[in-house]
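**Q** I am sharing data-v8.txt, which consists of compact mmCIF, N, CA and C atoms:
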# COMPACT_ATOMS: atom_id res chain seq x y z
N MET A 11 0.83 -1.18 0.00
CA MET A 11 0.00 0.00 0.00
C MET A 11 0.88 1.25 0.00
N ALA A 12 0.49 2.21 -0.83
CA ALA A 12 1.22 3.47 -0.90
C ALA A 12 0.39 4.57 -0.27
N ASN A 13 1.06 5.44 0.46
CA ASN A 13 0.42 6.62 1.04
C ASN A 13 0.90 7.84 0.27
N THR A 14 -0.04 8.62 -0.25
CA THR A 14 0.29 9.80 -1.03
C THR A 14 -0.43 11.01 -0.44
N PHE A 15 0.33 12.04 -0.08
CA PHE A 15 -0.25 13.26 0.46
C PHE A 15 -0.62 14.18 -0.71
N LYS A 16 -1.83 14.77 -0.63
CA LYS A 16 -2.32 15.63 -1.70
C LYS A 16 -3.14 16.78 -1.12
N ASN A 17 -3.39 17.75 -1.97
CA ASN A 17 -4.31 18.85 -1.67
C ASN A 17 -5.40 18.88 -2.73
N ALA A 18 -6.55 19.40 -2.35
CA ALA A 18 -7.62 19.71 -3.29
C ALA A 18 -8.04 21.14 -3.01
N PHE A 19 -8.39 21.88 -4.06
CA PHE A 19 -8.70 23.29 -3.92
C PHE A 19 -10.01 23.63 -4.61
N ALA A 20 -10.71 24.62 -4.08
CA ALA A 20 -11.88 25.19 -4.75
C ALA A 20 -11.84 26.69 -4.52
N ALA A 21 -11.82 27.45 -5.61
CA ALA A 21 -11.82 28.91 -5.52
C ALA A 21 -13.21 29.45 -5.85
N ASN A 22 -13.60 30.52 -5.18
CA ASN A 22 -14.88 31.17 -5.46
C ASN A 22 -16.04 30.18 -5.43
N VAL A 23 -16.18 29.48 -4.31
CA VAL A 23 -17.17 28.41 -4.16
C VAL A 23 -18.57 28.91 -4.48
N ASN A 24 -19.29 28.09 -5.21
CA ASN A 24 -20.65 28.38 -5.65
C ASN A 24 -21.60 28.56 -4.46
N HIS A 25 -22.62 29.37 -4.64
CA HIS A 25 -23.61 29.57 -3.58
C HIS A 25 -24.97 28.96 -3.93
N SER A 26 -25.16 28.53 -5.16
CA SER A 26 -26.46 27.99 -5.55
C SER A 26 -26.50 26.47 -5.57
N ALA A 27 -25.34 25.83 -5.54
CA ALA A 27 -25.27 24.37 -5.54
C ALA A 27 -23.95 23.93 -4.91
N TYR A 28 -23.91 22.69 -4.45
CA TYR A 28 -22.67 22.16 -3.87
C TYR A 28 -21.60 22.02 -4.95
N VAL A 29 -20.36 22.24 -4.54
CA VAL A 29 -19.19 22.02 -5.37
C VAL A 29 -18.51 20.76 -4.86
N ASP A 30 -18.27 19.79 -5.74
CA ASP A 30 -17.55 18.58 -5.36
C ASP A 30 -16.07 18.93 -5.24
N LEU A 31 -15.62 19.07 -4.00
CA LEU A 31 -14.23 19.44 -3.75
C LEU A 31 -13.29 18.26 -4.00
N TYR A 32 -13.73 17.08 -3.59
CA TYR A 32 -12.86 15.90 -3.71
C TYR A 32 -13.71 14.65 -3.82
N THR A 33 -13.38 13.79 -4.77
CA THR A 33 -14.01 12.48 -4.93
C THR A 33 -12.94 11.42 -4.82
N VAL A 34 -13.14 10.44 -3.97
CA VAL A 34 -12.16 9.38 -3.76
C VAL A 34 -12.10 8.49 -5.01
N GLY A 35 -10.89 8.22 -5.46
CA GLY A 35 -10.69 7.39 -6.64
C GLY A 35 -10.92 5.91 -6.36
N SER A 36 -10.96 5.13 -7.43
CA SER A 36 -11.17 3.69 -7.29
C SER A 36 -9.98 3.05 -6.57
N SER A 37 -10.25 2.01 -5.82
CA SER A 37 -9.24 1.27 -5.06
C SER A 37 -8.45 2.18 -4.13
N THR A 38 -9.11 3.19 -3.58
CA THR A 38 -8.44 4.17 -2.72
C THR A 38 -9.26 4.42 -1.47
N THR A 39 -8.56 4.58 -0.36
CA THR A 39 -9.14 5.08 0.88
C THR A 39 -8.43 6.38 1.19
N THR A 40 -9.18 7.38 1.67
CA THR A 40 -8.59 8.70 1.90
C THR A 40 -8.80 9.13 3.34
N VAL A 41 -7.74 9.64 3.94
CA VAL A 41 -7.80 10.22 5.29
C VAL A 41 -7.75 11.73 5.12
N ILE A 42 -8.75 12.42 5.68
CA ILE A 42 -8.75 13.88 5.65
C ILE A 42 -7.85 14.38 6.77
N LEU A 43 -6.89 15.22 6.41
CA LEU A 43 -5.94 15.76 7.38
C LEU A 43 -6.36 17.13 7.89
N GLY A 44 -7.07 17.87 7.08
CA GLY A 44 -7.53 19.19 7.50
C GLY A 44 -8.13 19.96 6.34
N MET A 45 -8.91 20.97 6.69
CA MET A 45 -9.54 21.82 5.68
C MET A 45 -9.50 23.26 6.16
N ALA A 46 -9.09 24.17 5.27
CA ALA A 46 -9.09 25.60 5.56
C ALA A 46 -10.10 26.27 4.64
N ILE A 47 -11.00 27.06 5.25
CA ILE A 47 -12.03 27.77 4.51
C ILE A 47 -11.80 29.26 4.71
N CYS A 48 -11.53 29.96 3.62
CA CYS A 48 -11.17 31.38 3.69
C CYS A 48 -12.30 32.25 3.16
N ASN A 49 -12.78 33.16 4.02
CA ASN A 49 -13.75 34.17 3.60
C ASN A 49 -12.97 35.37 3.10
N LYS A 50 -13.08 35.67 1.81
CA LYS A 50 -12.31 36.74 1.18
C LYS A 50 -13.03 38.09 1.18
N THR A 51 -14.21 38.16 1.78
CA THR A 51 -15.03 39.37 1.69
C THR A 51 -15.00 40.19 2.99
N ALA A 52 -15.62 41.34 2.93
CA ALA A 52 -15.70 42.24 4.09
C ALA A 52 -16.94 41.97 4.95
N SER A 53 -17.67 40.91 4.64
CA SER A 53 -18.87 40.54 5.41
C SER A 53 -18.79 39.07 5.80
N ALA A 54 -19.51 38.70 6.85
CA ALA A 54 -19.59 37.29 7.25
C ALA A 54 -20.27 36.48 6.14
N VAL A 55 -19.82 35.25 5.97
CA VAL A 55 -20.37 34.36 4.95
C VAL A 55 -20.62 32.99 5.57
N ASP A 56 -21.75 32.37 5.22
CA ASP A 56 -22.08 31.02 5.68
C ASP A 56 -21.43 29.99 4.77
N ILE A 57 -21.05 28.87 5.37
CA ILE A 57 -20.47 27.75 4.63
C ILE A 57 -21.14 26.46 5.09
N THR A 58 -21.34 25.55 4.15
CA THR A 58 -21.87 24.23 4.46
C THR A 58 -20.92 23.20 3.84
N VAL A 59 -20.59 22.16 4.61
CA VAL A 59 -19.71 21.09 4.14
C VAL A 59 -20.43 19.78 4.38
N GLN A 60 -20.44 18.91 3.37
CA GLN A 60 -21.08 17.61 3.53
C GLN A 60 -20.25 16.52 2.86
N ILE A 61 -20.48 15.30 3.35
CA ILE A 61 -19.86 14.11 2.77
C ILE A 61 -20.97 13.24 2.21
N GLN A 62 -20.79 12.82 0.96
CA GLN A 62 -21.72 11.86 0.37
C GLN A 62 -21.10 10.48 0.50
N ASP A 63 -21.79 9.61 1.24
CA ASP A 63 -21.33 8.24 1.47
C ASP A 63 -21.95 7.35 0.40
N THR A 64 -21.17 7.03 -0.62
CA THR A 64 -21.71 6.26 -1.74
C THR A 64 -21.98 4.80 -1.40
N SER A 65 -21.42 4.32 -0.29
CA SER A 65 -21.72 2.94 0.12
C SER A 65 -23.01 2.87 0.93
N ALA A 66 -23.60 4.03 1.24
CA ALA A 66 -24.86 4.10 1.99
C ALA A 66 -25.94 4.75 1.12
N SER A 67 -26.09 4.22 -0.09
CA SER A 67 -27.11 4.71 -1.04
C SER A 67 -27.00 6.21 -1.29
N ASN A 68 -25.77 6.70 -1.38
CA ASN A 68 -25.49 8.12 -1.65
C ASN A 68 -26.07 9.05 -0.59
N ALA A 69 -26.11 8.59 0.65
CA ALA A 69 -26.60 9.43 1.75
C ALA A 69 -25.64 10.59 1.98
N ASP A 70 -26.20 11.77 2.22
CA ASP A 70 -25.41 12.96 2.49
C ASP A 70 -25.38 13.22 3.99
N PHE A 71 -24.18 13.49 4.51
CA PHE A 71 -23.99 13.76 5.93
C PHE A 71 -23.35 15.13 6.09
N GLN A 72 -23.96 15.99 6.90
CA GLN A 72 -23.45 17.33 7.12
C GLN A 72 -22.26 17.29 8.08
N VAL A 73 -21.19 17.94 7.70
CA VAL A 73 -20.03 18.12 8.56
C VAL A 73 -20.11 19.51 9.20
N LEU A 74 -20.45 20.51 8.39
CA LEU A 74 -20.79 21.86 8.86
C LEU A 74 -22.11 22.22 8.20
N ASP A 75 -23.02 22.79 8.97
CA ASP A 75 -24.31 23.17 8.41
C ASP A 75 -24.56 24.65 8.64
N THR A 76 -24.32 25.43 7.59
CA THR A 76 -24.57 26.86 7.60
C THR A 76 -23.83 27.56 8.75
N VAL A 77 -22.52 27.37 8.79
CA VAL A 77 -21.66 27.98 9.81
C VAL A 77 -21.15 29.31 9.27
N SER A 78 -21.26 30.36 10.08
CA SER A 78 -20.84 31.70 9.67
C SER A 78 -19.33 31.88 9.88
N ILE A 79 -18.67 32.36 8.83
CA ILE A 79 -17.25 32.68 8.92
C ILE A 79 -17.12 34.20 8.87
N PRO A 80 -16.52 34.81 9.89
CA PRO A 80 -16.39 36.27 9.92
C PRO A 80 -15.62 36.80 8.71
N ALA A 81 -15.79 38.07 8.43
CA ALA A 81 -15.12 38.74 7.33
C ALA A 81 -13.60 38.55 7.40
N ARG A 82 -13.01 38.30 6.25
CA ARG A 82 -11.56 38.18 6.09
C ARG A 82 -10.92 37.26 7.12
N THR A 83 -11.55 36.10 7.29
CA THR A 83 -11.10 35.12 8.28
C THR A 83 -10.97 33.76 7.62
N THR A 84 -10.01 32.97 8.10
CA THR A 84 -9.88 31.59 7.66
C THR A 84 -10.26 30.68 8.82
N LEU A 85 -11.16 29.75 8.55
CA LEU A 85 -11.61 28.78 9.53
C LEU A 85 -10.98 27.44 9.19
N GLU A 86 -10.26 26.86 10.16
CA GLU A 86 -9.67 25.54 9.94
C GLU A 86 -10.56 24.51 10.62
N ILE A 87 -10.97 23.52 9.84
CA ILE A 87 -11.82 22.46 10.37
C ILE A 87 -11.24 21.10 10.02
N LEU A 88 -11.74 20.08 10.65
CA LEU A 88 -11.39 18.68 10.40
C LEU A 88 -9.97 18.32 10.82
N ALA A 89 -9.18 19.25 11.30
CA ALA A 89 -7.81 18.97 11.73
C ALA A 89 -7.83 18.22 13.06
N GLY A 90 -6.98 17.23 13.18
CA GLY A 90 -6.85 16.49 14.44
C GLY A 90 -7.89 15.40 14.63
N GLN A 91 -8.85 15.31 13.72
CA GLN A 91 -9.86 14.27 13.79
C GLN A 91 -9.61 13.30 12.64
N LYS A 92 -10.16 12.14 12.72
CA LYS A 92 -9.94 11.15 11.67
C LYS A 92 -11.23 10.96 10.88
N TYR A 93 -11.28 11.58 9.71
CA TYR A 93 -12.37 11.38 8.77
C TYR A 93 -11.85 10.50 7.65
N ILE A 94 -12.49 9.37 7.45
CA ILE A 94 -12.06 8.40 6.46
C ILE A 94 -13.10 8.37 5.34
N LEU A 95 -12.63 8.56 4.12
CA LEU A 95 -13.50 8.47 2.95
C LEU A 95 -13.14 7.22 2.18
N GLU A 96 -14.16 6.49 1.74
CA GLU A 96 -13.95 5.26 0.97
C GLU A 96 -14.14 5.54 -0.52
N THR A 97 -13.81 4.55 -1.32
CA THR A 97 -13.90 4.65 -2.78
C THR A 97 -15.20 5.31 -3.21
N THR A 98 -15.09 6.32 -4.05
CA THR A 98 -16.17 7.11 -4.67
C THR A 98 -16.94 8.02 -3.71
N ASP A 99 -16.59 8.08 -2.42
CA ASP A 99 -17.21 9.07 -1.53
C ASP A 99 -16.83 10.47 -2.02
N VAL A 100 -17.69 11.45 -1.70
CA VAL A 100 -17.49 12.81 -2.20
C VAL A 100 -17.55 13.80 -1.04
N LEU A 101 -16.60 14.73 -0.99
CA LEU A 101 -16.62 15.84 -0.03
C LEU A 101 -17.06 17.07 -0.81
N ARG A 102 -18.14 17.73 -0.33
CA ARG A 102 -18.74 18.87 -1.03
C ARG A 102 -18.78 20.10 -0.14
N VAL A 103 -18.75 21.26 -0.79
CA VAL A 103 -18.87 22.53 -0.07
C VAL A 103 -19.85 23.44 -0.80
N LYS A 104 -20.48 24.34 -0.03
CA LYS A 104 -21.38 25.34 -0.61
C LYS A 104 -21.28 26.62 0.23
N SER A 105 -21.20 27.73 -0.45
CA SER A 105 -21.09 29.04 0.20
C SER A 105 -22.45 29.71 0.23
N GLY A 106 -22.64 30.58 1.22
CA GLY A 106 -23.86 31.36 1.29
C GLY A 106 -23.83 32.59 0.42
N THR A 107 -22.66 32.93 -0.11
CA THR A 107 -22.47 34.13 -0.93
C THR A 107 -21.58 33.78 -2.11
N ALA A 108 -21.95 34.23 -3.28
CA ALA A 108 -21.17 33.93 -4.49
C ALA A 108 -19.76 34.50 -4.42
N ASN A 109 -18.79 33.71 -4.87
CA ASN A 109 -17.39 34.15 -5.03
C ASN A 109 -16.74 34.67 -3.76
N ALA A 110 -17.19 34.22 -2.60
CA ALA A 110 -16.67 34.74 -1.33
C ALA A 110 -15.69 33.80 -0.64
N ILE A 111 -15.74 32.53 -0.97
CA ILE A 111 -15.03 31.49 -0.22
C ILE A 111 -14.04 30.73 -1.11
N ASP A 112 -12.82 30.52 -0.58
CA ASP A 112 -11.86 29.57 -1.15
C ASP A 112 -11.64 28.47 -0.13
N VAL A 113 -11.45 27.24 -0.61
CA VAL A 113 -11.28 26.09 0.28
C VAL A 113 -10.03 25.31 -0.11
N THR A 114 -9.26 24.91 0.90
CA THR A 114 -8.10 24.05 0.71
C THR A 114 -8.27 22.81 1.58
N LEU A 115 -8.12 21.65 0.98
CA LEU A 115 -8.29 20.38 1.67
C LEU A 115 -6.97 19.62 1.63
N GLY A 116 -6.50 19.15 2.78
CA GLY A 116 -5.30 18.32 2.86
C GLY A 116 -5.71 16.88 3.13
N ILE A 117 -5.19 15.95 2.34
CA ILE A 117 -5.58 14.54 2.44
C ILE A 117 -4.37 13.62 2.30
N MET A 118 -4.59 12.38 2.71
CA MET A 118 -3.64 11.31 2.42
C MET A 118 -4.41 10.19 1.76
N GLU A 119 -4.00 9.83 0.56
CA GLU A 119 -4.63 8.73 -0.16
C GLU A 119 -3.86 7.44 0.09
N ILE A 120 -4.58 6.38 0.38
CA ILE A 120 -4.00 5.06 0.58
C ILE A 120 -4.44 4.19 -0.58
N THR A 121 -3.46 3.73 -1.37
CA THR A 121 -3.80 2.91 -2.55
C THR A 121 -3.11 1.56 -2.48
Translate this structure into structure tokens?

**A**
Amino acid sequence: MANTFKNAFAANVNHSAYVDLYTVGSSTTTVILGMAICNKTASAVDITVQIQDTSASNADFQVLDTVSIPARTTLEILAGQKYILETTDVLRVKSGTANAIDVTLGIMEIT
């Protein structure tokens, strides 16, 4: 088994629909190491983060549900906890305001 450290990025996250930030590849298990969510605007912005568990009939599970990020602030989440994504699971994000949020995800893929 090989362990590969990677990042996934989303700039100007959509506010009308979820953006698939990361989808686990075939024959891969992924450990989430951390996520940074940056509000680039002068006003507070809401963010929602969810995981789609494809082994559970594509059930969606909220990780953050409409959490407000203050103006010009970066919120670090998921660090220090063990979130494991299995093959084809999807990590999604949605912003409450158009073009206000950038997201950086740190992961380790096990293949």

**Q** Counting only N, CA and C atoms, note down every residue that has an atom within 7 Å of the point (-17.3, 6.9, 4.0) (file coordinates), as a PyMOL selection string.

**A** chain A and resi 62-65+94-97+99

**Q** Output N, CA and C atoms for every residue in the selection just made, as a PDB file, in the coordinates of the input.

**A**
ATOM      1  N   GLN A  62     -20.790  12.820   0.960  1.00  0.00           N
ATOM      2  CA  GLN A  62     -21.720  11.860   0.370  1.00  0.00           C
ATOM      3  C   GLN A  62     -21.100  10.480   0.500  1.00  0.00           C
ATOM      4  N   ASP A  63     -21.790   9.610   1.240  1.00  0.00           N
ATOM      5  CA  ASP A  63     -21.330   8.240   1.470  1.00  0.00           C
ATOM      6  C   ASP A  63     -21.950   7.350   0.400  1.00  0.00           C
ATOM      7  N   THR A  64     -21.170   7.030  -0.620  1.00  0.00           N
ATOM      8  CA  THR A  64     -21.710   6.260  -1.740  1.00  0.00           C
ATOM      9  C   THR A  64     -21.980   4.800  -1.400  1.00  0.00           C
ATOM     10  N   SER A  65     -21.420   4.320  -0.290  1.00  0.00           N
ATOM     11  CA  SER A  65     -21.720   2.940   0.120  1.00  0.00           C
ATOM     12  C   SER A  65     -23.010   2.870   0.930  1.00  0.00           C
ATOM     13  N   ILE A  94     -12.490   9.370   7.450  1.00  0.00           N
ATOM     14  CA  ILE A  94     -12.060   8.400   6.460  1.00  0.00           C
ATOM     15  C   ILE A  94     -13.100   8.370   5.340  1.00  0.00           C
ATOM     16  N   LEU A  95     -12.630   8.560   4.120  1.00  0.00           N
ATOM     17  CA  LEU A  95     -13.500   8.470   2.950  1.00  0.00           C
ATOM     18  C   LEU A  95     -13.140   7.220   2.180  1.00  0.00           C
ATOM     19  N   GLU A  96     -14.160   6.490   1.740  1.00  0.00           N
ATOM     20  CA  GLU A  96     -13.950   5.260   0.970  1.00  0.00           C
ATOM     21  C   GLU A  96     -14.140   5.540  -0.520  1.00  0.00           C
ATOM     22  N   THR A  97     -13.810   4.550  -1.320  1.00  0.00           N
ATOM     23  CA  THR A  97     -13.900   4.650  -2.780  1.00  0.00           C
ATOM     24  C   THR A  97     -15.200   5.310  -3.210  1.00  0.00           C
ATOM     25  N   ASP A  99     -16.590   8.080  -2.420  1.00  0.00           N
ATOM     26  CA  ASP A  99     -17.210   9.070  -1.530  1.00  0.00           C
ATOM     27  C   ASP A  99     -16.830  10.470  -2.020  1.00  0.00           C
TER      28      ASP A  99
END

**Q** Under the rule that all atoms listed in the file are counted, which of A:Ile79, A:Met118, A:Ala46, A:Ala110 is the nearest residue to Asn22 (chain A)?

**A** A:Ala110

**Q** Just the number, please: distance in Å from CA of Thr14 (chain A) to CA of Ile42 (chain A), one decimal.

**A**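 CA of Ile42 (chain A) lies at a distance of 12.0 Å from CA of Thr14 (chain A).
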
**Q** List every residue of chain A that DSSP, applied to the backbone, labels as strand (DSSP E), and write the result as a PyMOL selection string.

**A** chain A and resi 13-20+29-33+39-49+55-63+69-79+84-87+93-95+100-105+111-120

**Q** Quote the spacing between CA of Val34 (chain A) and CA of Val100 (chain A) in Å to one decimal place.

**A**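 Separation between CA of Val34 (chain A) and CA of Val100 (chain A): 6.5 Å.
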
**Q** Which residues are near Glu86 (chain A)? Cut-off 9 Å, only C-alpha atoms, ignore same chain within fewer than 5 positions. Put them as a list in words.

**A**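 Residues meeting the cut-off are Gly44, Met45, Ala46, Ile47 and Cys48 of chain A.
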
**Q** Just give me the gap between CA of Lys50 (chain A) and CA of Thr33 (chain A) in Å, one decimal is fine.

**A**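 So the answer is 25.1 Å.
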
**Q** What's the 8 Å shell around Ala21 (chain A), counting only N, CA and C atoms, without same-chain residues fewer than 6 positions away, as a VMD selection string?

**A** chain A and resid 109 to 114

**Q** Can you list, as a list in words, every protein, DNA or RNA residue that comes within 7 Å of Tyr93 (chain A) when you count all atoms listed in the file, leaving out same-chain residues fewer than 4 positions away?

**A**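 My reading of the contact set: Thr40, Val41, Ile42, Leu43 and Leu88 of chain A.
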
**Q** Find the residue from A:Ser67, A:Ser78, A:Thr38, A:Gln60 that sits nearest to Thr107 (chain A); use only C-alpha atoms when measuring.

**A**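 Smallest separation from Thr107 (chain A) among the options: A:Ser78.
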
**Q** Could you check the closest approach to Arg82 (chain A) for each of A:Ala108, A:Ile117, A:Ala20, A:Ala54 and tell me which residue wins, using all atoms listed in the file?

**A** A:Ala54

**Q** Using all atoms listed in the file, which of A:Ala18, A:Ala12, A:Ala81, A:Ile120 sits nearest Asn49 (chain A)?

**A**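 For Asn49 (chain A), the nearest of the given residues is A:Ala81.
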
**Q** Which residue, A:Val73, A:Leu31, A:Leu101, A:Ile87, has the smallest gap to Phe19 (chain A) when you use all atoms listed in the file?

**A**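 When distances to Phe19 (chain A) are compared using all atoms listed in the file, the smallest one comes from A:Leu31.
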
**Q** Counting only C-alpha atoms, figure out which residue out of A:Gly116, A:Pro80, A:Gly90, A:Gly35 gets nearest to Ile57 (chain A).

**A**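 Closest residue, counting only C-alpha atoms: A:Pro80.
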